[in-house]
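So this block is input.cif, mmCIF, C-alpha atoms:
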data_data
#
loop_
_atom_site.label_atom_id
_atom_site.label_comp_id
_atom_site.auth_asym_id
_atom_site.auth_seq_id
_atom_site.Cartn_x
_atom_site.Cartn_y
_atom_site.Cartn_z
CA MET A 1 31.08 -8.38 0.08
CA THR A 2 30.89 -7.12 3.66
CA PRO A 3 27.75 -5.51 5.13
CA ILE A 4 28.06 -2.37 7.24
CA THR A 5 27.92 -3.35 10.89
CA THR A 6 29.66 -0.51 12.78
CA ASN A 7 28.69 3.08 13.49
CA GLU A 8 31.95 4.36 12.02
CA ALA A 9 31.41 2.52 8.72
CA LEU A 10 27.79 3.64 8.54
CA ALA A 11 28.71 7.29 9.11
CA ALA A 12 31.33 7.10 6.33
CA PHE A 13 28.86 5.44 3.95
CA CYS A 14 26.18 8.03 4.64
CA ASP A 15 28.70 10.82 3.99
CA GLN A 16 29.26 9.31 0.54
CA LEU A 17 25.52 9.14 -0.13
CA SER A 18 24.79 12.64 1.11
CA GLY A 19 26.27 14.46 -1.89
CA SER A 20 24.01 12.75 -4.43
CA GLU A 21 20.87 14.16 -6.05
CA PHE A 22 19.14 10.85 -5.34
CA ILE A 23 19.69 7.59 -3.50
CA THR A 24 18.04 4.27 -4.29
CA VAL A 25 16.81 2.28 -1.30
CA ASP A 26 15.49 -1.21 -0.67
CA THR A 27 14.98 -3.36 2.40
CA GLU A 28 14.79 -7.02 3.25
CA PHE A 29 12.49 -7.87 6.14
CA MET A 30 10.53 -10.70 7.70
CA ARG A 31 6.90 -10.39 8.85
CA GLU A 32 5.19 -13.71 8.15
CA THR A 33 4.86 -14.50 11.86
CA THR A 34 4.89 -10.99 13.34
CA TYR A 35 2.77 -7.85 13.44
CA TRP A 36 5.73 -5.51 13.15
CA PRO A 37 8.09 -6.15 10.21
CA ARG A 38 11.54 -7.26 11.35
CA LEU A 39 14.07 -5.19 9.43
CA CYS A 40 16.95 -7.44 8.32
CA LEU A 41 18.86 -5.45 5.67
CA ILE A 42 18.95 -1.97 4.16
CA GLN A 43 20.46 -1.52 0.72
CA ALA A 44 21.29 1.93 -0.67
CA ALA A 45 23.09 3.23 -3.74
CA THR A 46 23.86 6.20 -5.95
CA PRO A 47 25.29 6.00 -9.46
CA THR A 48 28.79 5.83 -7.93
CA VAL A 49 28.52 4.08 -4.56
CA ALA A 50 26.50 1.20 -3.11
CA GLY A 51 26.38 -0.65 0.17
CA ILE A 52 24.40 -2.93 2.47
CA ILE A 53 23.58 -1.97 6.06
CA ASP A 54 22.95 -4.70 8.62
CA PRO A 55 20.41 -3.21 11.07
CA MET A 56 20.59 -6.39 13.15
CA ALA A 57 24.25 -5.76 14.05
CA ASP A 58 24.84 -5.25 17.77
CA GLY A 59 25.07 -1.59 18.75
CA LEU A 60 24.45 -0.21 15.25
CA ASP A 61 22.73 3.19 15.35
CA LEU A 62 20.80 3.88 12.14
CA ALA A 63 20.51 7.61 12.86
CA PRO A 64 22.86 8.79 10.04
CA PHE A 65 20.88 6.86 7.44
CA LEU A 66 17.52 7.92 8.85
CA ASP A 67 18.72 11.53 8.63
CA LEU A 68 19.34 11.01 4.91
CA LEU A 69 15.79 9.72 4.45
CA ARG A 70 14.46 12.89 6.09
CA ASP A 71 16.71 15.16 3.99
CA THR A 72 14.35 16.89 1.57
CA ARG A 73 17.24 17.82 -0.75
CA ILE A 74 17.75 14.17 -1.73
CA ILE A 75 15.22 12.14 -3.71
CA LYS A 76 14.67 8.65 -2.29
CA VAL A 77 13.98 6.07 -5.01
CA PHE A 78 12.18 2.81 -4.19
CA HIS A 79 10.30 0.17 -6.16
CA ALA A 80 6.88 -0.77 -4.74
CA ALA A 81 7.67 1.42 -1.76
CA ARG A 82 4.72 1.01 0.57
CA GLN A 83 6.10 -1.68 2.91
CA ASP A 84 9.55 -0.05 2.96
CA VAL A 85 7.98 3.30 3.79
CA GLU A 86 5.92 1.66 6.53
CA ILE A 87 9.14 0.43 8.16
CA PHE A 88 10.94 3.77 7.98
CA ASN A 89 7.88 5.71 9.06
CA LYS A 90 7.76 3.60 12.23
CA LEU A 91 11.41 4.51 12.77
CA GLY A 92 10.46 8.19 12.55
CA ALA A 93 12.00 8.78 9.11
CA MET A 94 9.37 9.24 6.41
CA PRO A 95 11.38 9.16 3.16
CA THR A 96 10.68 12.47 1.43
CA PRO A 97 10.77 13.37 -1.37
CA LEU A 98 9.93 9.92 -2.70
CA PHE A 99 9.96 8.38 -6.18
CA ASP A 100 8.39 4.94 -6.63
CA THR A 101 9.50 3.30 -9.88
CA GLN A 102 6.51 0.93 -9.85
CA VAL A 103 4.07 3.86 -9.90
CA ALA A 104 6.29 5.63 -12.43
CA GLY A 105 6.29 2.49 -14.58
CA MET A 106 2.50 2.51 -14.56
CA ALA A 107 2.51 6.12 -15.73
CA ALA A 108 5.03 5.24 -18.44
CA GLY A 109 2.92 2.44 -19.90
CA PHE A 110 4.58 -0.65 -18.44
CA GLY A 111 1.32 -2.05 -17.09
CA ASP A 112 -0.42 -2.37 -13.74
CA GLN A 113 1.92 -2.98 -10.78
CA VAL A 114 4.89 -3.72 -13.04
CA ALA A 115 7.42 -6.01 -11.35
CA TYR A 116 10.93 -4.76 -10.64
CA ASP A 117 12.66 -7.45 -12.70
CA SER A 118 10.32 -6.79 -15.63
CA LEU A 119 11.06 -3.06 -15.54
CA VAL A 120 14.81 -3.69 -15.40
CA ARG A 121 14.60 -6.14 -18.27
CA GLN A 122 12.57 -3.78 -20.46
CA MET A 123 14.50 -0.58 -19.73
CA LEU A 124 18.04 -1.79 -19.01
CA LYS A 125 18.02 -5.02 -21.07
CA LYS A 126 19.32 -6.94 -18.05
CA ASP A 127 18.01 -10.00 -16.26
CA VAL A 128 17.67 -9.96 -12.47
CA ASP A 129 18.84 -13.09 -10.65
CA LYS A 130 15.91 -14.06 -8.40
CA GLY A 131 17.60 -17.09 -6.84
CA SER A 132 17.75 -15.55 -3.34
CA ARG A 133 14.37 -13.87 -3.48
CA PHE A 134 12.69 -16.15 -0.94
CA THR A 135 15.24 -16.56 1.79
CA ASP A 136 15.62 -16.18 5.55
CA TRP A 137 17.08 -12.69 5.74
CA ALA A 138 17.26 -12.84 9.54
CA ARG A 139 19.77 -15.71 9.57
CA ARG A 140 23.43 -14.83 9.97
CA PRO A 141 25.86 -15.05 8.32
CA LEU A 142 24.37 -14.17 4.96
CA SER A 143 25.84 -15.87 1.92
CA GLU A 144 27.67 -14.05 -0.85
CA SER A 145 24.85 -14.88 -3.25
CA GLN A 146 22.29 -13.36 -0.87
CA LEU A 147 24.30 -10.16 -0.53
CA THR A 148 24.86 -9.95 -4.28
CA TYR A 149 21.14 -10.35 -4.90
CA ALA A 150 20.26 -7.73 -2.29
CA LEU A 151 22.74 -5.17 -3.60
CA GLY A 152 21.57 -5.68 -7.20
CA ASP A 153 18.15 -4.35 -6.28
CA VAL A 154 19.53 -0.86 -5.66
CA THR A 155 22.36 -0.77 -8.23
CA HIS A 156 19.93 -1.58 -11.06
CA LEU A 157 17.54 0.97 -9.61
CA ALA A 158 20.26 3.65 -9.70
CA ALA A 159 20.63 3.09 -13.44
CA LEU A 160 16.89 2.78 -14.03
CA TYR A 161 15.65 5.88 -12.21
CA PRO A 162 17.24 8.61 -14.41
CA ARG A 163 15.95 6.94 -17.58
CA LEU A 164 12.44 6.54 -16.22
CA ARG A 165 12.39 10.07 -14.79
CA ASP A 166 13.59 11.59 -18.08
CA ARG A 167 11.05 9.59 -20.07
CA LEU A 168 8.20 10.84 -17.89
CA ALA A 169 9.54 14.40 -18.06
CA ARG A 170 9.53 14.29 -21.87
CA GLU A 171 5.95 13.05 -21.84
CA GLY A 172 4.81 15.62 -19.28
CA ARG A 173 3.91 12.96 -16.73
CA LEU A 174 6.24 13.64 -13.81
CA GLU A 175 3.50 15.58 -12.05
CA TRP A 176 1.28 12.49 -12.23
CA VAL A 177 3.84 10.56 -10.23
CA SER A 178 4.34 13.45 -7.79
CA GLN A 179 0.65 13.41 -6.90
CA GLU A 180 0.80 9.68 -6.20
CA MET A 181 3.88 10.16 -4.02
CA GLU A 182 2.02 12.65 -1.83
CA ALA A 183 -0.50 9.94 -1.02
CA LEU A 184 2.22 7.34 -0.45
CA THR A 185 4.01 9.53 2.10
CA ASP A 186 0.86 10.52 3.98
CA PRO A 187 1.41 9.30 7.58
CA ALA A 188 -2.30 8.49 7.84
CA LEU A 189 -1.73 5.62 5.41
CA TYR A 190 0.43 3.89 8.02
CA ASP A 191 -1.75 4.60 11.05
CA THR A 192 -1.63 1.73 13.56
CA ASP A 193 -3.81 3.34 16.24
CA PRO A 194 -6.02 0.45 17.45
CA ASP A 195 -9.02 2.76 17.79
CA ASN A 196 -8.89 3.31 14.03
CA ALA A 197 -8.44 -0.36 13.08
CA TRP A 198 -12.14 -0.82 12.23
CA LYS A 199 -11.78 1.66 9.34
CA ARG A 200 -9.81 -0.93 7.34
CA LEU A 201 -12.81 -3.27 7.53
CA LYS A 202 -16.32 -3.04 6.09
CA PRO A 203 -19.14 -3.06 8.63
CA LYS A 204 -22.22 -4.83 7.29
CA LYS A 205 -24.75 -3.36 9.69
CA PHE A 206 -25.28 0.08 11.15
CA SER A 207 -27.08 -0.28 14.46
CA ALA A 208 -25.34 1.27 17.47
CA LYS A 209 -24.99 -2.14 19.14
CA TYR A 210 -23.35 -3.72 16.09
CA LEU A 211 -21.00 -0.78 15.44
CA ALA A 212 -19.93 -0.50 19.07
CA ALA A 213 -19.05 -4.20 19.19
CA PHE A 214 -17.44 -4.02 15.73
CA GLN A 215 -15.17 -1.08 16.63
CA ALA A 216 -14.29 -2.50 20.03
CA THR A 217 -13.42 -5.94 18.68
CA ALA A 218 -11.28 -4.52 15.89
CA ALA A 219 -9.44 -2.27 18.37
CA TRP A 220 -8.98 -5.15 20.82
CA ARG A 221 -7.55 -7.38 18.07
CA GLU A 222 -5.14 -4.64 16.96
CA ARG A 223 -3.84 -4.12 20.49
CA ALA A 224 -3.47 -7.84 21.08
CA ALA A 225 -1.59 -8.27 17.78
CA GLN A 226 0.73 -5.38 18.58
CA GLU A 227 1.41 -6.48 22.15
CA ARG A 228 2.06 -10.09 21.14
CA ASP A 229 3.78 -9.07 17.88
CA GLN A 230 1.63 -11.50 15.91
CA PRO A 231 -0.28 -11.08 12.62
CA ARG A 232 -3.86 -9.87 13.10
CA GLY A 233 -5.24 -13.04 11.54
CA ARG A 234 -3.58 -15.18 14.20
CA ILE A 235 -5.57 -13.36 16.86
CA LEU A 236 -8.91 -13.24 15.01
CA LYS A 237 -9.89 -13.47 11.36
CA ASP A 238 -11.76 -10.55 9.78
CA ASP A 239 -14.97 -12.56 9.42
CA ALA A 240 -14.88 -13.30 13.15
CA ILE A 241 -15.08 -9.58 13.90
CA ASP A 242 -18.31 -9.27 11.90
CA GLU A 243 -19.82 -12.36 13.55
CA ILE A 244 -18.90 -11.14 17.04
CA ALA A 245 -20.41 -7.72 16.31
CA THR A 246 -23.58 -9.37 15.00
CA GLN A 247 -24.05 -11.84 17.86
CA ALA A 248 -22.54 -9.67 20.67
CA PRO A 249 -21.41 -12.60 22.87
CA THR A 250 -20.65 -11.67 26.47
CA ASP A 251 -19.70 -15.05 27.97
CA ALA A 252 -17.68 -18.12 27.00
CA ASP A 253 -20.79 -20.18 26.26
CA ALA A 254 -22.02 -17.62 23.73
CA PHE A 255 -18.61 -17.60 22.06
CA SER A 256 -18.70 -21.40 21.77
CA ARG A 257 -21.76 -21.10 19.51
CA LEU A 258 -19.94 -18.88 17.01
CA ARG A 259 -18.36 -20.36 13.91
CA ALA A 260 -15.61 -17.90 12.97
CA PRO A 261 -13.54 -17.57 16.19
CA PRO A 262 -11.09 -20.40 17.00
CA LYS A 263 -12.49 -23.34 18.94
CA GLY A 264 -12.28 -22.70 22.67
CA PHE A 265 -11.58 -19.01 22.15
CA GLY A 266 -14.20 -17.84 24.64
CA GLY A 267 -12.57 -19.74 27.48
CA SER A 268 -9.04 -18.62 26.67
CA ARG A 269 -7.21 -15.70 28.25
CA LEU A 270 -7.65 -13.71 25.03
CA GLY A 271 -11.33 -14.58 24.87
CA GLN A 272 -11.95 -13.56 28.47
CA ASP A 273 -10.21 -10.26 27.83
CA LEU A 274 -12.40 -9.57 24.78
CA ILE A 275 -15.53 -10.55 26.72
CA GLU A 276 -14.75 -7.87 29.30
CA VAL A 277 -14.29 -5.29 26.54
CA LEU A 278 -17.62 -6.25 24.93
CA ARG A 279 -19.49 -6.17 28.24
CA ASP A 280 -18.20 -2.67 28.84
CA VAL A 281 -19.12 -1.14 25.48
CA LEU A 282 -22.48 -2.89 25.26
CA LYS A 283 -23.62 -1.22 28.48
CA ASN A 284 -23.98 1.96 26.41
CA PRO A 285 -23.46 1.16 22.71
CA GLU A 286 -24.56 4.62 21.54
CA GLU A 287 -21.62 6.13 23.40
CA HIS A 288 -19.07 3.75 21.88
CA ALA A 289 -20.39 3.31 18.32
CA PRO A 290 -18.35 5.16 15.65
CA ASP A 291 -20.24 7.93 13.90
CA ILE A 292 -20.67 6.70 10.33
CA GLN A 293 -23.50 7.24 7.90
CA LYS A 294 -25.51 4.32 6.68
CA PRO A 295 -25.17 3.98 2.89
CA SER A 296 -28.12 5.44 1.04
CA GLY A 297 -30.70 3.03 -0.20
CA ARG A 298 -30.35 4.17 -3.78
CA GLU A 299 -30.21 1.69 -6.60
CA PRO A 300 -26.83 0.14 -7.42
CA ALA A 301 -24.89 1.52 -10.36
CA PRO A 302 -26.41 0.45 -13.70
CA ALA A 303 -24.34 -2.54 -14.83
CA SER A 304 -24.55 -1.55 -18.50
CA VAL A 305 -23.17 1.93 -17.79
CA VAL A 306 -20.33 0.51 -15.71
CA GLU A 307 -19.45 -1.91 -18.49
CA LEU A 308 -19.36 0.94 -21.02
CA LEU A 309 -17.10 2.93 -18.71
CA LYS A 310 -14.80 -0.08 -18.42
CA VAL A 311 -14.44 -0.21 -22.18
CA LEU A 312 -13.77 3.54 -22.30
CA LEU A 313 -11.18 3.22 -19.52
CA LYS A 314 -9.38 0.47 -21.38
CA ALA A 315 -9.44 2.45 -24.63
CA LYS A 316 -8.15 5.65 -23.02
CA SER A 317 -5.40 3.85 -21.12
CA GLU A 318 -4.20 2.15 -24.30
CA GLN A 319 -4.37 5.41 -26.21
CA ALA A 320 -2.33 7.24 -23.55
CA ASN A 321 -0.11 4.21 -22.81
CA VAL A 322 -0.80 4.37 -19.09
CA ALA A 323 -1.89 1.60 -16.71
CA THR A 324 -5.66 1.46 -16.22
CA LYS A 325 -5.22 1.09 -12.46
CA LEU A 326 -3.55 4.50 -12.31
CA LEU A 327 -6.59 6.12 -13.95
CA ALA A 328 -9.53 4.51 -12.15
CA ASN A 329 -10.81 1.37 -10.48
CA VAL A 330 -14.19 -0.37 -10.60
CA SER A 331 -15.41 1.48 -7.50
CA ASP A 332 -14.64 4.80 -9.23
CA LEU A 333 -16.59 3.71 -12.31
CA GLU A 334 -19.61 2.67 -10.23
CA LYS A 335 -19.66 6.05 -8.49
CA ILE A 336 -19.30 7.93 -11.80
CA ALA A 337 -22.15 5.85 -13.23
CA LEU A 338 -24.37 7.08 -10.39
CA SER A 339 -23.25 10.72 -10.24
CA ASP A 340 -21.49 13.26 -12.45
CA ASP A 341 -20.19 14.87 -9.25
CA ALA A 342 -18.75 11.71 -7.71
CA ASP A 343 -15.90 12.40 -5.29
CA VAL A 344 -13.32 10.19 -7.00
CA ASP A 345 -9.78 10.86 -8.23
CA ALA A 346 -10.84 9.92 -11.77
CA LEU A 347 -12.80 13.20 -11.92
CA LYS A 348 -9.92 15.33 -10.63
CA GLY A 349 -6.73 16.81 -12.08
CA TRP A 350 -4.91 15.03 -14.86
CA ARG A 351 -7.15 11.96 -14.58
CA ARG A 352 -10.20 14.07 -15.39
CA GLN A 353 -8.48 15.46 -18.48
CA LEU A 354 -7.36 12.03 -19.64
CA PHE A 355 -10.43 9.99 -18.76
CA GLY A 356 -13.01 11.68 -16.54
CA GLU A 357 -14.36 14.23 -19.00
CA ASP A 358 -14.96 11.56 -21.63
CA ALA A 359 -16.58 9.33 -19.01
CA LEU A 360 -19.15 12.06 -18.35
CA LYS A 361 -19.60 12.70 -22.08
CA LEU A 362 -20.23 9.00 -22.63
CA LYS A 363 -22.96 9.07 -19.99
CA ARG A 364 -24.57 12.09 -21.68
CA GLY A 365 -24.44 10.50 -25.12
CA GLU A 366 -22.01 13.10 -26.48
CA ILE A 367 -19.43 10.51 -27.53
CA ALA A 368 -19.63 6.91 -28.68
CA LEU A 369 -17.34 3.90 -28.69
CA VAL A 370 -16.80 2.28 -32.07
CA LEU A 371 -14.77 -0.73 -33.12
CA ASN A 372 -12.16 -0.01 -35.76
CA GLY A 373 -10.68 -3.38 -36.59
CA ALA A 374 -9.47 -4.75 -33.27
CA LYS A 375 -9.26 -1.31 -31.68
CA VAL A 376 -11.93 0.64 -29.77
CA GLU A 377 -12.05 4.31 -30.69
CA VAL A 378 -13.86 7.29 -29.18
CA VAL A 379 -15.86 9.43 -31.61
CA GLU A 380 -17.85 12.61 -31.10
CA ILE A 381 -21.57 12.44 -31.82
CA GLU A 382 -22.85 15.27 -33.95
CA ASN A 383 -26.10 16.86 -32.86
#
In structure tokens, write the structure found in this file.
Amino acid sequence: MTPITTNEALAAFCDQLSGSEFITVDTEFMRETTYWPRLCLIQAATPTVAGIIDPMADGLDLAPFLDLLRDTRIIKVFHAARQDVEIFNKLGAMPTPLFDTQVAGMAAGFGDQVAYDSLVRQMLKKDVDKGSRFTDWARRPLSESQLTYALGDVTHLAALYPRLRDRLAREGRLEWVSQEMEALTDPALYDTDPDNAWKRLKPKKFSAKYLAAFQATAAWRERAAQERDQPRGRILKDDAIDEIATQAPTDADAFSRLRAPPKGFGGSRLGQDLIEVLRDVLKNPEEHAPDIQKPSGREPAPASVVELLKVLLKAKSEQANVATKLLANVSDLEKIALSDDADVDALKGWRRQLFGEDALKLKRGEIALVLNGAKVEVVEIEN
């Protein structure tokens, strides 16, 4: 098996792919020691053709393949697509329209975050050889077994997708998956703007001084990680950002008294750089603090109500044969327990029909949960 390493071969391969209704796509990448994922292989297939592209080959221009990903006439099929989409989005080629077989598997009743090999085994009655799963994909040359493993990911997917799509179509659930795909292809999901890095974290205090230091430290870490191409945690751990925002150190001695940053951080080049950033924003914290509302001081969600909603969620997901995670999470249930007008997906669209309406009825005492043998059932309460 020979990977595609020349522009001529890639153009010919993409011409073969371009006439298909859908193409299946997978990538192999390395990111354990980097901020940016290092793309090592791209696998693509249709029901009639399959190939492996080597993006590390000297002089290879991926433009023809990236054009296919942007082509809205062709459905791009992935499994657990988020990291693959992150890579292609950075290359300027958001894969649209998208179909994620992991999300589709959840909608079809195969459980939460169903694994690729499990889905193949259940739907195609085939076992996936995982012998080359954990391997150094950046090393060249790649072995025949590595290439065979990599190509199998997309050839199985080419057989799996039509069956899964047709099953969901028969059950009227394709629209469920489409809504999830809109979220998965939202560029905001892959935002790497350092000034927005703090939004992925949870501030614990809400004073202007704390928030200014919190936002500035998170942004500084993001820039440092990007510039050095290192994982965020190798620059600073998340808990260090909270401690720095709380203590607001502005010299090396103050940093030495903190527990979360690495020993000697304050005297390092990185530490001195962060100190300058903190000194600047703390001159006028009100100007630099992000504008966020402090959570209301209302009582936490009643634990008993949340537990009842959990039982209802489990019962409804089993009844509909859909993964619970696709319907709602614990945060959704806590918000529903506090408010009938909670702004959560579980009270919108198809989720409201399947679960949300009954969640509100359960709160109002209009339905009850009863045990019938080993099965929980929902029954209407007569007035």
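Each of A:Tyr116, A:Phe265, A:Phe355, A:Trp137 was checked against A:Val103 using all atoms listed in the file; the smallest atom-to-atom distance is that of A:Tyr116.
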Given the file shown, determine the residues that the PyMOL selection byres ((chain A and resi 152-165) around 7) selects; report them as JSON, numbers by chain. {"A": [24, 25, 26, 43, 44, 45, 46, 47, 50, 120, 124, 148, 149, 150, 151, 166, 167, 168, 169]}
Let me make sure I understand: among A:Val177, A:Ile381, A:Leu211, A:Ala57, which one has the smallest atom-to-atom distance to A:Pro141 if we use only C-alpha atoms?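 Closest candidate: A:Ala57.
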Pull out every residue that the PyMOL selection byres ((chain A and resi 20) around 12) matches in the shown coordinates and put them as an mmCIF file with C-alpha atoms, in the frame of the given file.
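expr.cif written:
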data_model
loop_
_atom_site.group_PDB
_atom_site.id
_atom_site.type_symbol
_atom_site.label_atom_id
_atom_site.label_comp_id
_atom_site.auth_asym_id
_atom_site.auth_seq_id
_atom_site.Cartn_x
_atom_site.Cartn_y
_atom_site.Cartn_z
ATOM 1 C CA CYS A 14 26.180 8.030 4.640
ATOM 2 C CA ASP A 15 28.700 10.820 3.990
ATOM 3 C CA GLN A 16 29.260 9.310 0.540
ATOM 4 C CA LEU A 17 25.520 9.140 -0.130
ATOM 5 C CA SER A 18 24.790 12.640 1.110
ATOM 6 C CA GLY A 19 26.270 14.460 -1.890
ATOM 7 C CA GLU A 21 20.870 14.160 -6.050
ATOM 8 C CA PHE A 22 19.140 10.850 -5.340
ATOM 9 C CA ILE A 23 19.690 7.590 -3.500
ATOM 10 C CA THR A 24 18.040 4.270 -4.290
ATOM 11 C CA ALA A 44 21.290 1.930 -0.670
ATOM 12 C CA ALA A 45 23.090 3.230 -3.740
ATOM 13 C CA THR A 46 23.860 6.200 -5.950
ATOM 14 C CA PRO A 47 25.290 6.000 -9.460
ATOM 15 C CA THR A 48 28.790 5.830 -7.930
ATOM 16 C CA VAL A 49 28.520 4.080 -4.560
ATOM 17 C CA ALA A 50 26.500 1.200 -3.110
ATOM 18 C CA LEU A 68 19.340 11.010 4.910
ATOM 19 C CA ASP A 71 16.710 15.160 3.990
ATOM 20 C CA ARG A 73 17.240 17.820 -0.750
ATOM 21 C CA ILE A 74 17.750 14.170 -1.730
ATOM 22 C CA ILE A 75 15.220 12.140 -3.710
ATOM 23 C CA LYS A 76 14.670 8.650 -2.290
ATOM 24 C CA ALA A 158 20.260 3.650 -9.700
#
Test item: residues at most 6 Å from A:Pro194, only C-alpha atoms, excluding those fewer than 3 positions along its chain, as a PyMOL selection string: chain A and resi 197+219+222-223
To test your reading of the syntax: which residues would the PyMOL selection byres ((chain A and resi 271) around 12) return for the file shown? Reply as a PyMOL selection string. chain A and resi 217+220-221+224+235-236+244+249-256+261-270+272-278
Write a file of the selected residues as a PDB file, keeping the file's coordinate frame, keeping C-alpha atoms.
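The resulting out.pdb:
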ATOM      1  CA  THR A 217     -13.420  -5.940  18.680  1.00  0.00           C
ATOM      2  CA  TRP A 220      -8.980  -5.150  20.820  1.00  0.00           C
ATOM      3  CA  ARG A 221      -7.550  -7.380  18.070  1.00  0.00           C
ATOM      4  CA  ALA A 224      -3.470  -7.840  21.080  1.00  0.00           C
ATOM      5  CA  ILE A 235      -5.570 -13.360  16.860  1.00  0.00           C
ATOM      6  CA  LEU A 236      -8.910 -13.240  15.010  1.00  0.00           C
ATOM      7  CA  ILE A 244     -18.900 -11.140  17.040  1.00  0.00           C
ATOM      8  CA  PRO A 249     -21.410 -12.600  22.870  1.00  0.00           C
ATOM      9  CA  THR A 250     -20.650 -11.670  26.470  1.00  0.00           C
ATOM     10  CA  ASP A 251     -19.700 -15.050  27.970  1.00  0.00           C
ATOM     11  CA  ALA A 252     -17.680 -18.120  27.000  1.00  0.00           C
ATOM     12  CA  ASP A 253     -20.790 -20.180  26.260  1.00  0.00           C
ATOM     13  CA  ALA A 254     -22.020 -17.620  23.730  1.00  0.00           C
ATOM     14  CA  PHE A 255     -18.610 -17.600  22.060  1.00  0.00           C
ATOM     15  CA  SER A 256     -18.700 -21.400  21.770  1.00  0.00           C
ATOM     16  CA  PRO A 261     -13.540 -17.570  16.190  1.00  0.00           C
ATOM     17  CA  PRO A 262     -11.090 -20.400  17.000  1.00  0.00           C
ATOM     18  CA  LYS A 263     -12.490 -23.340  18.940  1.00  0.00           C
ATOM     19  CA  GLY A 264     -12.280 -22.700  22.670  1.00  0.00           C
ATOM     20  CA  PHE A 265     -11.580 -19.010  22.150  1.00  0.00           C
ATOM     21  CA  GLY A 266     -14.200 -17.840  24.640  1.00  0.00           C
ATOM     22  CA  GLY A 267     -12.570 -19.740  27.480  1.00  0.00           C
ATOM     23  CA  SER A 268      -9.040 -18.620  26.670  1.00  0.00           C
ATOM     24  CA  ARG A 269      -7.210 -15.700  28.250  1.00  0.00           C
ATOM     25  CA  LEU A 270      -7.650 -13.710  25.030  1.00  0.00           C
ATOM     26  CA  GLN A 272     -11.950 -13.560  28.470  1.00  0.00           C
ATOM     27  CA  ASP A 273     -10.210 -10.260  27.830  1.00  0.00           C
ATOM     28  CA  LEU A 274     -12.400  -9.570  24.780  1.00  0.00           C
ATOM     29  CA  ILE A 275     -15.530 -10.550  26.720  1.00  0.00           C
ATOM     30  CA  GLU A 276     -14.750  -7.870  29.300  1.00  0.00           C
ATOM     31  CA  VAL A 277     -14.290  -5.290  26.540  1.00  0.00           C
ATOM     32  CA  LEU A 278     -17.620  -6.250  24.930  1.00  0.00           C
TER      33      LEU A 278
END
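For the choices A:Pro3, A:Gly365, A:Gly373, A:Gly356, the atom-to-atom distance to A:Ser143 is smallest for A:Pro3 when using all atoms listed in the file.
If you measure from each of A:Ala225, A:Val330, A:Ala323, A:Leu66 to A:Thr33 using only C-alpha atoms, the closest one turns out to be A:Ala225.
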Close residues, A:Lys90 itself excluded, 10 Å, only C-alpha atoms, min 3 positions apart in chain, as a tab-separated table (two decimals) with C-alpha atoms, keeping the file's coordinate frame:
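Generated file (out_3.tsv):
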chain	number	residue	atom	x	y	z
A	36	TRP	CA	5.73	-5.51	13.15
A	37	PRO	CA	8.09	-6.15	10.21
A	85	VAL	CA	7.98	3.30	3.79
A	86	GLU	CA	5.92	1.66	6.53
A	87	ILE	CA	9.14	0.43	8.16
A	93	ALA	CA	12.00	8.78	9.11
A	94	MET	CA	9.37	9.24	6.41
A	187	PRO	CA	1.41	9.30	7.58
A	190	TYR	CA	0.43	3.89	8.02
A	191	ASP	CA	-1.75	4.60	11.05
A	192	THR	CA	-1.63	1.73	13.56
When you draw a straight line from atom CA of A:Leu41 to atom CA of A:Ala188, how long is it in Å?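 Taking atom CA of A:Leu41 and atom CA of A:Ala188, their separation equals 25.4 Å.
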Mind checking which residues fall within 10 Å of A:Thr6, counting all atoms listed in the file, ignoring those fewer than 3 positions away in the same chain, and posting them as a PyMOL selection string? chain A and resi 3+9-11+53-55+57-62
Edge lengths and centre in Å to one decimal, as JSON, is what I'm after for the box along x, y and z that holds all listed atoms of stretch 158-168 of chain A once 5 Å is added on each side.
{"center_x": 14.4, "center_y": 7.2, "center_z": -14.9, "size_x": 22.4, "size_y": 18.8, "size_z": 20.4}
Neighbour list for A:Lys199 as a ChimeraX atom specification, cut-off 10 Å, all atoms listed in the file, skip fewer than 6 positions in-chain: /A:215,218,290
Saved selection, atoms kept: C-alpha atoms, as an mmCIF file, in the coordinates of the input:
data_model
loop_
_atom_site.group_PDB
_atom_site.id
_atom_site.type_symbol
_atom_site.label_atom_id
_atom_site.label_comp_id
_atom_site.auth_asym_id
_atom_site.auth_seq_id
_atom_site.Cartn_x
_atom_site.Cartn_y
_atom_site.Cartn_z
ATOM 1 C CA GLN A 215 -15.170 -1.080 16.630
ATOM 2 C CA ALA A 218 -11.280 -4.520 15.890
ATOM 3 C CA PRO A 290 -18.350 5.160 15.650
#
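Our summary of the geometry notes that atom CA of A:Tyr210 is positioned 16.5 Å from atom CA of A:Ala260.
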Taking 2 positions as the minimum chain separation for residues in the same chain, which residues sit within 6 Å of A:Leu327 when counting only C-alpha atoms? Answer as a ChimeraX atom specification. /A:324-325,351
